[in-house]
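Undergrad: Mind looking over this structure? Questions follow.
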Amino acid sequence: MNLTERNDEWRMLVEVFATESMEMLDEVEPRLVELEKNPDPAVINNIFRLFHSLKGGAASLGLQIIRDLTHEAETLLDLFRSKGKKIESAHIDLMCQSCDLTRQIITKLQEEFDDAEFEAEASALRLELVQAVMDLVDDSPPNLEVYPGAHRNYSPSDRAASEAVTKPSSVSAAPSKPANPLPGPNLASSIDELKLDITPEMCVGFAAEADELLEAIETNLVAFEKEPGRTGLLAEAFRAFHSLKGNCGFFGFVDLEHLSHESENLLGAMRDSQIPADRANVSLVLSTLDVCRATVKSIKASGPATIADLEPMVTRLKQALKTTEAPKLGEILIAKGEVSADALQEALEEQEQQKKTKPAATTPVKSEDSAAKDGAGSGKQSIRVDTEKLDRLIELVGELVISEANVANCAELRNLKIDRIEKSIDQLNKITKDLQNIAMSVRMIPIAGLFRKMVRPVRDLARTFGKKIDLQFIGEETEVDKNVIELVSDPLMHLIRNSVDHGIEPPADRTKCGKPEEGVIVLEARHAGGEVWIMVRDDGRGLNRDKILAKARQVGLCTTDGSDLRDEEIYKFIFEPGFSTADKVTEVSGRGVGMDVVKRNIEKLKGRVDIKSSPGKGSSMIIRIPLTLAIIEGMVVQVGAERYIMPTQAILEFIRPTSDLLASVIDQGEVINIRGHLIPLFRIASIFGIRNAITDPTQANVMIIEHEGKSYGLMVDQILGQQQTVVKSLGATLGYMQGIAGAAVMPDGKVGLILDLGGLIPLFLGTQM
Amino acid sequence: MATEKETSKTGSLAGKYLTFQLANEEYGITIMKIREILGIMETTMVPRMPDYVRGVINLRGKVLPVIDLRRKFGLPGVEDTKHTCIIVIDTMQTGIAALVGIIVDTVSEVVQIADADIDRGVTLGSQVDTSFILGMAKVKGDVRILLDIDRILSFAELQHLSGAS
């Protein structure tokens, strides 16, 4: 249905309708939830009326999709209202879905005055509603009971999952049933007609979405393996594969489409218990998943979209499906007496119609919608934005903040003492600050995605080592800068591997220690001060202090007997390159690489790793990193005419040394005595070649800093104060400069350089040799 | 870079040029490369850089390096005057677009130069390194030295310097 030709008056009416409907929907939704707890007839009546008004409004404007959808919802409600049928939570879910879809359609209408793209989705949902109505009218026991309580296990945010739970039971003849798949060639030919020009950007979009879908499938399958009773998880995976298939079809990635089609079939059969949902089959789907992922990666890199060993894969999938010849779904249902033959016929006809009307292009829309639901929970909407645009936005806001400060601090302007200007400046200041806060928050994304990525490796590793591990998440919703998430992924993986391999004991050992067979690894994220903490906690054997110490002494990292070292200091030896206490090198860890990489990568993020451990009870690794890479908290210091910014977290203290604390060792440089410890004293001015800097340490200030567990003194002229600065790269032109981490625009508009201890200290040490 | 240079040497050099003065000589840079012209401003010194890198400046939130063209050409340094300018150049460095400022004595004018007025392959017996030179152009009887600015600002050399130390 193309609505774009309607006239302006119609558009105006649609806008009014849209606003009103949104309000109505806002009203309906909480009531629906209420209904679940308390099926009060008054509430049902109220919801019924709201749906009725929606239907009326839509009908008068010729918005058939909404009209039909709300009509079915109304019919279903009427059964509860006048026939006194019992409301199941699945019904509530269905109606919530109807609300969601209606909302989406209305939003689309507001923007483009077109609702055609929702046609297929709406008819699918309508079919479910019809089916629910039929189930109730036939008075057959609602087959929703098949999954009793299943969706009470889900958190409310997991809407998509709970929808999926209800789906397989209430839709007995949904259009996309795998038991009676669309023949491949037909599908292909219909796609040819719809072929569009696929741009590289579209491919990237496809890849991003495909990655999300594949991740969802993996998470669900792994979870299913753990709790084989939760068929809803299979349904969810099935749906994701279905969306993937649709996307592939749309883009013409035939191989990938074929493979996801076969996987979808297998999953569908498992879901409907036509074949056993056992480990072998789940693993088969998982292995297909890996192939899909590799192909998607290739597509992302503009590589070929073909799959080399497609045929054997497909054969295996088909083989698995054949283990028990699957009868048609409808036949099963009739046999079970859950659906009457008439109802089936009706549903099949409708299904047939849908096949004709449903354009291939609707599938991607559908998956986008489910992705949005996954991410934002109910109601919230999100859009995909190019990160480059975001970076540019943040850059511009940074400039705005500086310009604002320039205006606000302009003495000439302020001296005019004009009330209006004063007020405007205050207002400007407030707006700029708000804008800055929002701009900064835009880059922040929940860490849940990163956590979910760990599910599969943990499962695989646990299997390899014959261990039982329960991976739990806390604080998945914690928001972290996108760049940080990308960079922290590898270190986190290493830490988790370490926990699986070294931390958690084999089941037999655990039983001996009186622990449950299944080990627990908890991934936790939270904000603490200006930092985000990501913790990997296990209830395994903990770190062995003596073993680490012995090894450290053996390789010469530690020269004393270790009695003067705190436990934490000893644990930190495991981050040294080549350090491993593992008796045997395993497939994944023990070679002594890894942990030093973890430390290096985290330090690149201006963060650190802390270790806590108690023998026999487990250990936790805490990654502490600044909330964002874009802003650092720094101390501004002056050396000669130059200003530098030192990241605050490295600074221990400032002192003005007296002459008796200073000593210089011939050919070894200067040292300073800090409470009995002699630490090296370096002059920034001499290493950077700054003239006019203070040369007498007793007249200067010394910053005591910590780097890699050692203290150093850095001599500067003055401390100007603490400041949050936006880190700017020195760009492609100057490239990497040892000792400089980046640049920052100071409040006066000039540039200050940010010091990088990682580069600076070797520079100092190098000059002293 | 080599092929780029090849084409610019063989292709037409005709077009509009911004001319500027440096130690009593007139130079020209194609205006296609020029982003804007700024008055001289205070720069932030970047340590451990060659002396012709004057420092970095903040251009509306972007940090860009500033090159002292006199020093780069081995000409005697002078005090900045009120005519001293920073020309902001859109340059390509190993495939990456970047902004770089160059300090010149004074900016003169924008002139249209025809291909016929450009003499390529001139070797100068002066103190100027000729590998930076696209050709010599005759404008109203005067000679302008047309510069290959990407080549002058080749930072591969700079990065090498800072990386090696």
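Just so we're on the same page: first chain in the structure tokens is A, next is B, and so on; residues restart at 1 for each chain, and ligands are numbered from 1 in the order they show up.
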Hey, what does DSSP flag as alpha helix (DSSP H) within stretch 12-152 of chain B? Can you give it to me as a list in words?

TA: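 Assigned to alpha helix (DSSP H), within stretch 12-152 of chain B: Leu69, Arg70, Arg71, Lys72, Ile149, Asp150, Arg151 and Ile152 of chain B.
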
Undergrad: Can you tell me which residues surround A:Met746 at a distance of at most 12 Å, considering only C-alpha atoms, apart from same-chain residues fewer than 3 positions away, and format the answer as an MDAnalysis selection string?

TA: (chainID A and resid 398:399 401:403 405:406 634 636 642:645 720:728 743 749:754) or (chainID B and resid 44 57:58 60:61 63)

Undergrad: When distances are computed from only C-alpha atoms, which of B:Glu26, B:Asp90, B:Asp142, B:Asp80 shows the smallest separation from chain A?

TA: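 For chain A, the nearest of the given residues is B:Asp90.
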
Undergrad: Run DSSP on the backbone and grab whatever in stretch 55-148 of chain B lands in strand (DSSP E); send it over as a PDB file with N, CA and C atoms, in the first residue's frame.

TA:
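Below is the file states.pdb, written as the result:
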```pdb
ATOM      1  N   GLY B  55      56.329  24.148  16.087  1.00  0.00           N
ATOM      2  CA  GLY B  55      55.499  23.656  17.188  1.00  0.00           C
ATOM      3  C   GLY B  55      54.121  23.286  16.687  1.00  0.00           C
ATOM      4  N   VAL B  56      53.155  23.264  17.597  1.00  0.00           N
ATOM      5  CA  VAL B  56      51.781  22.966  17.194  1.00  0.00           C
ATOM      6  C   VAL B  56      50.866  24.115  17.593  1.00  0.00           C
ATOM      7  N   ILE B  57      49.788  24.275  16.823  1.00  0.00           N
ATOM      8  CA  ILE B  57      48.785  25.281  17.175  1.00  0.00           C
ATOM      9  C   ILE B  57      47.412  24.621  17.219  1.00  0.00           C
ATOM     10  N   ASN B  58      46.483  25.341  17.826  1.00  0.00           N
ATOM     11  CA  ASN B  58      45.103  24.884  17.882  1.00  0.00           C
ATOM     12  C   ASN B  58      44.308  25.656  16.849  1.00  0.00           C
ATOM     13  N   LEU B  59      43.821  24.933  15.835  1.00  0.00           N
ATOM     14  CA  LEU B  59      42.981  25.598  14.840  1.00  0.00           C
ATOM     15  C   LEU B  59      41.562  25.103  15.061  1.00  0.00           C
ATOM     16  N   LYS B  62      41.393  21.632  16.290  1.00  0.00           N
ATOM     17  CA  LYS B  62      42.317  20.663  15.670  1.00  0.00           C
ATOM     18  C   LYS B  62      43.742  21.085  16.010  1.00  0.00           C
ATOM     19  N   VAL B  63      44.554  20.103  16.337  1.00  0.00           N
ATOM     20  CA  VAL B  63      45.938  20.415  16.652  1.00  0.00           C
ATOM     21  C   VAL B  63      46.772  20.150  15.400  1.00  0.00           C
ATOM     22  N   LEU B  64      47.457  21.174  14.925  1.00  0.00           N
ATOM     23  CA  LEU B  64      48.260  20.938  13.730  1.00  0.00           C
ATOM     24  C   LEU B  64      49.671  21.490  13.871  1.00  0.00           C
ATOM     25  N   PRO B  65      50.625  20.808  13.242  1.00  0.00           N
ATOM     26  CA  PRO B  65      52.006  21.249  13.347  1.00  0.00           C
ATOM     27  C   PRO B  65      52.278  22.440  12.433  1.00  0.00           C
ATOM     28  N   VAL B  66      53.246  23.243  12.837  1.00  0.00           N
ATOM     29  CA  VAL B  66      53.607  24.413  12.048  1.00  0.00           C
ATOM     30  C   VAL B  66      55.090  24.318  11.697  1.00  0.00           C
ATOM     31  N   ILE B  67      55.367  24.477  10.392  1.00  0.00           N
ATOM     32  CA  ILE B  67      56.732  24.350   9.886  1.00  0.00           C
ATOM     33  C   ILE B  67      57.280  25.739   9.571  1.00  0.00           C
ATOM     34  N   ASP B  68      58.470  26.006  10.022  1.00  0.00           N
ATOM     35  CA  ASP B  68      59.130  27.260   9.676  1.00  0.00           C
ATOM     36  C   ASP B  68      59.827  27.040   8.341  1.00  0.00           C
ATOM     37  N   CYS B  85      53.000  35.169   8.269  1.00  0.00           N
ATOM     38  CA  CYS B  85      51.740  34.438   8.161  1.00  0.00           C
ATOM     39  C   CYS B  85      51.939  32.935   8.326  1.00  0.00           C
ATOM     40  N   ILE B  86      50.858  32.275   8.711  1.00  0.00           N
ATOM     41  CA  ILE B  86      50.842  30.818   8.659  1.00  0.00           C
ATOM     42  C   ILE B  86      49.876  30.423   7.557  1.00  0.00           C
ATOM     43  N   ILE B  87      50.368  29.733   6.544  1.00  0.00           N
ATOM     44  CA  ILE B  87      49.479  29.231   5.498  1.00  0.00           C
ATOM     45  C   ILE B  87      49.114  27.798   5.872  1.00  0.00           C
ATOM     46  N   VAL B  88      47.792  27.541   6.001  1.00  0.00           N
ATOM     47  CA  VAL B  88      47.362  26.194   6.380  1.00  0.00           C
ATOM     48  C   VAL B  88      47.153  25.371   5.110  1.00  0.00           C
ATOM     49  N   ILE B  89      47.902  24.290   5.020  1.00  0.00           N
ATOM     50  CA  ILE B  89      47.930  23.470   3.808  1.00  0.00           C
ATOM     51  C   ILE B  89      47.189  22.158   4.047  1.00  0.00           C
ATOM     52  N   ASP B  90      46.391  21.773   3.056  1.00  0.00           N
ATOM     53  CA  ASP B  90      45.752  20.457   3.035  1.00  0.00           C
ATOM     54  C   ASP B  90      46.738  19.511   2.378  1.00  0.00           C
ATOM     55  N   THR B  91      47.367  18.690   3.146  1.00  0.00           N
ATOM     56  CA  THR B  91      48.406  17.869   2.541  1.00  0.00           C
ATOM     57  C   THR B  91      48.080  16.387   2.662  1.00  0.00           C
ATOM     58  N   MET B  92      48.644  15.614   1.763  1.00  0.00           N
ATOM     59  CA  MET B  92      48.492  14.168   1.847  1.00  0.00           C
ATOM     60  C   MET B  92      49.815  13.586   2.322  1.00  0.00           C
ATOM     61  N   GLN B  93      49.769  12.876   3.429  1.00  0.00           N
ATOM     62  CA  GLN B  93      50.988  12.242   3.921  1.00  0.00           C
ATOM     63  C   GLN B  93      50.781  10.743   3.949  1.00  0.00           C
ATOM     64  N   ILE B  96      47.278   9.752   3.967  1.00  0.00           N
ATOM     65  CA  ILE B  96      46.384  10.307   4.983  1.00  0.00           C
ATOM     66  C   ILE B  96      46.333  11.819   4.828  1.00  0.00           C
ATOM     67  N   ALA B  97      45.113  12.340   4.771  1.00  0.00           N
ATOM     68  CA  ALA B  97      44.971  13.784   4.653  1.00  0.00           C
ATOM     69  C   ALA B  97      45.282  14.433   5.988  1.00  0.00           C
ATOM     70  N   ALA B  98      46.000  15.510   5.969  1.00  0.00           N
ATOM     71  CA  ALA B  98      46.335  16.187   7.218  1.00  0.00           C
ATOM     72  C   ALA B  98      46.491  17.679   6.958  1.00  0.00           C
ATOM     73  N   LEU B  99      46.316  18.456   7.993  1.00  0.00           N
ATOM     74  CA  LEU B  99      46.529  19.895   7.888  1.00  0.00           C
ATOM     75  C   LEU B  99      47.893  20.228   8.478  1.00  0.00           C
ATOM     76  N   VAL B 100      48.625  21.081   7.777  1.00  0.00           N
ATOM     77  CA  VAL B 100      49.933  21.512   8.273  1.00  0.00           C
ATOM     78  C   VAL B 100      50.040  23.010   8.006  1.00  0.00           C
ATOM     79  N   GLY B 101      50.611  23.727   8.954  1.00  0.00           N
ATOM     80  CA  GLY B 101      50.824  25.153   8.751  1.00  0.00           C
ATOM     81  C   GLY B 101      52.261  25.412   8.321  1.00  0.00           C
ATOM     82  N   ILE B 102      52.444  26.370   7.396  1.00  0.00           N
ATOM     83  CA  ILE B 102      53.817  26.779   7.079  1.00  0.00           C
ATOM     84  C   ILE B 102      53.956  28.276   7.349  1.00  0.00           C
ATOM     85  N   ILE B 103      55.096  28.653   7.918  1.00  0.00           N
ATOM     86  CA  ILE B 103      55.322  30.058   8.243  1.00  0.00           C
ATOM     87  C   ILE B 103      56.098  30.715   7.099  1.00  0.00           C
ATOM     88  N   VAL B 104      55.540  31.801   6.581  1.00  0.00           N
ATOM     89  CA  VAL B 104      56.205  32.532   5.491  1.00  0.00           C
ATOM     90  C   VAL B 104      56.344  34.006   5.904  1.00  0.00           C
ATOM     91  N   THR B 106      55.647  36.825   4.166  1.00  0.00           N
ATOM     92  CA  THR B 106      54.420  37.554   3.901  1.00  0.00           C
ATOM     93  C   THR B 106      53.709  36.943   2.699  1.00  0.00           C
ATOM     94  N   VAL B 107      52.391  37.036   2.689  1.00  0.00           N
ATOM     95  CA  VAL B 107      51.616  36.506   1.573  1.00  0.00           C
ATOM     96  C   VAL B 107      51.430  37.621   0.553  1.00  0.00           C
ATOM     97  N   SER B 108      51.636  37.330  -0.753  1.00  0.00           N
ATOM     98  CA  SER B 108      51.544  38.393  -1.752  1.00  0.00           C
ATOM     99  C   SER B 108      50.183  38.442  -2.440  1.00  0.00           C
ATOM    100  N   GLU B 109      49.903  37.466  -3.309  1.00  0.00           N
ATOM    101  CA  GLU B 109      48.674  37.549  -4.100  1.00  0.00           C
ATOM    102  C   GLU B 109      48.321  36.177  -4.657  1.00  0.00           C
ATOM    103  N   VAL B 110      47.125  36.131  -5.306  1.00  0.00           N
ATOM    104  CA  VAL B 110      46.761  34.913  -6.023  1.00  0.00           C
ATOM    105  C   VAL B 110      46.844  35.236  -7.507  1.00  0.00           C
ATOM    106  N   VAL B 111      47.615  34.456  -8.262  1.00  0.00           N
ATOM    107  CA  VAL B 111      47.774  34.737  -9.688  1.00  0.00           C
ATOM    108  C   VAL B 111      47.425  33.512 -10.515  1.00  0.00           C
ATOM    109  N   GLN B 112      46.946  33.804 -11.731  1.00  0.00           N
ATOM    110  CA  GLN B 112      46.677  32.738 -12.693  1.00  0.00           C
ATOM    111  C   GLN B 112      47.945  32.553 -13.518  1.00  0.00           C
ATOM    112  N   ILE B 113      48.433  31.324 -13.556  1.00  0.00           N
ATOM    113  CA  ILE B 113      49.664  31.085 -14.325  1.00  0.00           C
ATOM    114  C   ILE B 113      49.354  30.091 -15.445  1.00  0.00           C
ATOM    115  N   ILE B 118      55.429  28.475 -17.550  1.00  0.00           N
ATOM    116  CA  ILE B 118      56.135  27.697 -16.534  1.00  0.00           C
ATOM    117  C   ILE B 118      57.316  26.967 -17.165  1.00  0.00           C
ATOM    118  N   ASP B 119      58.447  27.140 -16.572  1.00  0.00           N
ATOM    119  CA  ASP B 119      59.675  26.511 -17.045  1.00  0.00           C
ATOM    120  C   ASP B 119      60.035  25.406 -16.059  1.00  0.00           C
ATOM    121  N   ILE B 133      60.933  21.734  -6.039  1.00  0.00           N
ATOM    122  CA  ILE B 133      60.468  22.724  -7.012  1.00  0.00           C
ATOM    123  C   ILE B 133      59.802  22.070  -8.207  1.00  0.00           C
ATOM    124  N   LEU B 134      58.571  22.518  -8.488  1.00  0.00           N
ATOM    125  CA  LEU B 134      57.845  22.019  -9.654  1.00  0.00           C
ATOM    126  C   LEU B 134      58.350  22.707 -10.913  1.00  0.00           C
ATOM    127  N   GLY B 135      58.627  23.986 -10.803  1.00  0.00           N
ATOM    128  CA  GLY B 135      59.088  24.744 -11.954  1.00  0.00           C
ATOM    129  C   GLY B 135      59.187  26.223 -11.627  1.00  0.00           C
ATOM    130  N   MET B 136      59.642  27.009 -12.590  1.00  0.00           N
ATOM    131  CA  MET B 136      59.728  28.450 -12.409  1.00  0.00           C
ATOM    132  C   MET B 136      58.687  29.090 -13.309  1.00  0.00           C
ATOM    133  N   ALA B 137      57.980  30.075 -12.771  1.00  0.00           N
ATOM    134  CA  ALA B 137      56.939  30.715 -13.564  1.00  0.00           C
ATOM    135  C   ALA B 137      57.261  32.187 -13.731  1.00  0.00           C
ATOM    136  N   LYS B 138      56.972  32.676 -14.916  1.00  0.00           N
ATOM    137  CA  LYS B 138      57.180  34.114 -15.145  1.00  0.00           C
ATOM    138  C   LYS B 138      55.834  34.808 -15.007  1.00  0.00           C
ATOM    139  N   VAL B 139      55.742  35.709 -14.039  1.00  0.00           N
ATOM    140  CA  VAL B 139      54.504  36.454 -13.848  1.00  0.00           C
ATOM    141  C   VAL B 139      54.848  37.931 -13.897  1.00  0.00           C
ATOM    142  N   ASP B 142      58.306  39.003 -13.376  1.00  0.00           N
ATOM    143  CA  ASP B 142      59.027  38.467 -12.217  1.00  0.00           C
ATOM    144  C   ASP B 142      59.009  36.942 -12.253  1.00  0.00           C
ATOM    145  N   VAL B 143      59.924  36.361 -11.508  1.00  0.00           N
ATOM    146  CA  VAL B 143      59.985  34.906 -11.459  1.00  0.00           C
ATOM    147  C   VAL B 143      59.386  34.399 -10.143  1.00  0.00           C
ATOM    148  N   ARG B 144      58.488  33.441 -10.238  1.00  0.00           N
ATOM    149  CA  ARG B 144      57.933  32.790  -9.037  1.00  0.00           C
ATOM    150  C   ARG B 144      58.419  31.339  -9.036  1.00  0.00           C
ATOM    151  N   ILE B 145      58.805  30.869  -7.869  1.00  0.00           N
ATOM    152  CA  ILE B 145      59.234  29.475  -7.760  1.00  0.00           C
ATOM    153  C   ILE B 145      58.037  28.651  -7.288  1.00  0.00           C
ATOM    154  N   LEU B 146      57.583  27.742  -8.151  1.00  0.00           N
ATOM    155  CA  LEU B 146      56.410  26.940  -7.789  1.00  0.00           C
ATOM    156  C   LEU B 146      56.857  25.722  -6.976  1.00  0.00           C
ATOM    157  N   LEU B 147      56.237  25.560  -5.812  1.00  0.00           N
ATOM    158  CA  LEU B 147      56.693  24.513  -4.888  1.00  0.00           C
ATOM    159  C   LEU B 147      55.785  23.288  -4.917  1.00  0.00           C
TER     160      LEU B 147
END
```

Undergrad: Hey, which of B:Met32, B:Val53, B:Leu69, B:Met41 ends up closest to B:Leu13? Count only C-alpha atoms.

TA: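 Closest candidate: B:Met32.
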
Undergrad: Any idea what's packed within 10 Å of stretch 104-111 of chain A, counting only C-alpha atoms, ignoring anything in its chain fewer than 5 positions away? Could you give it as a PyMOL selection string?

TA: chain A and resi 3-4+11-12+14-19+21-22+63+65-66+98-99+116-119+122+369+379+381

Undergrad: Would you mind telling me which residue in B:Lys82, B:Lys72, B:Arg120, B:Arg48 lies nearest to B:Leu153 when using only C-alpha atoms?

TA: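 Checking each of B:Lys82, B:Lys72, B:Arg120, B:Arg48 against B:Leu153, counting only C-alpha atoms, the winner is B:Lys72.
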
Undergrad: Report as a PDB file with C-alpha atoms, in the first residue's frame all protein, DNA and RNA residues lying within 12 Å of A:Asn601, evaluated on only C-alpha atoms, omitting residues in the same chain fewer than 6 positions from it.

TA:
```pdb
ATOM      1  CA  VAL A 484      37.449   1.243  25.507  1.00  0.00           C
ATOM      2  CA  GLU A 486      37.005  -2.599  21.741  1.00  0.00           C
ATOM      3  CA  LEU A 487      40.407  -2.382  23.334  1.00  0.00           C
ATOM      4  CA  VAL A 488      39.529  -4.227  26.505  1.00  0.00           C
ATOM      5  CA  SER A 489      38.110  -7.217  24.682  1.00  0.00           C
ATOM      6  CA  ASP A 490      41.379  -9.097  24.186  1.00  0.00           C
ATOM      7  CA  PRO A 491      42.721  -8.596  27.702  1.00  0.00           C
ATOM      8  CA  LEU A 492      39.409  -9.702  29.135  1.00  0.00           C
ATOM      9  CA  HIS A 494      42.973 -13.630  28.342  1.00  0.00           C
ATOM     10  CA  PHE A 575      52.127 -10.056  34.524  1.00  0.00           C
ATOM     11  CA  GLY A 594      49.126 -13.499  27.617  1.00  0.00           C
ATOM     12  CA  MET A 595      49.233 -12.025  31.046  1.00  0.00           C
ATOM     13  CA  GLY A 607      44.336   1.593  33.298  1.00  0.00           C
ATOM     14  CA  ARG A 608      45.683  -1.085  35.576  1.00  0.00           C
ATOM     15  CA  VAL A 609      44.947  -4.609  36.697  1.00  0.00           C
ATOM     16  CA  ILE A 623      40.639  -4.211  35.325  1.00  0.00           C
ATOM     17  CA  ARG A 624      40.397  -0.542  36.184  1.00  0.00           C
ATOM     18  CA  ILE A 625      40.262   1.870  33.300  1.00  0.00           C
TER      19      ILE A 625
END
```

Undergrad: Give me, please, the distance in Å between atom CA of A:Thr695 and atom CA of B:Pro47, quoted to one decimal.

TA: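 Atom CA of B:Pro47 lies at a distance of 18.1 Å from atom CA of A:Thr695.
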
Undergrad: Closest to chain B among A:Phe251, A:Phe473, A:Phe688, A:Tyr712, using only C-alpha atoms?

TA: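 Once distances to chain B are computed over only C-alpha atoms, the minimum belongs to A:Phe688.
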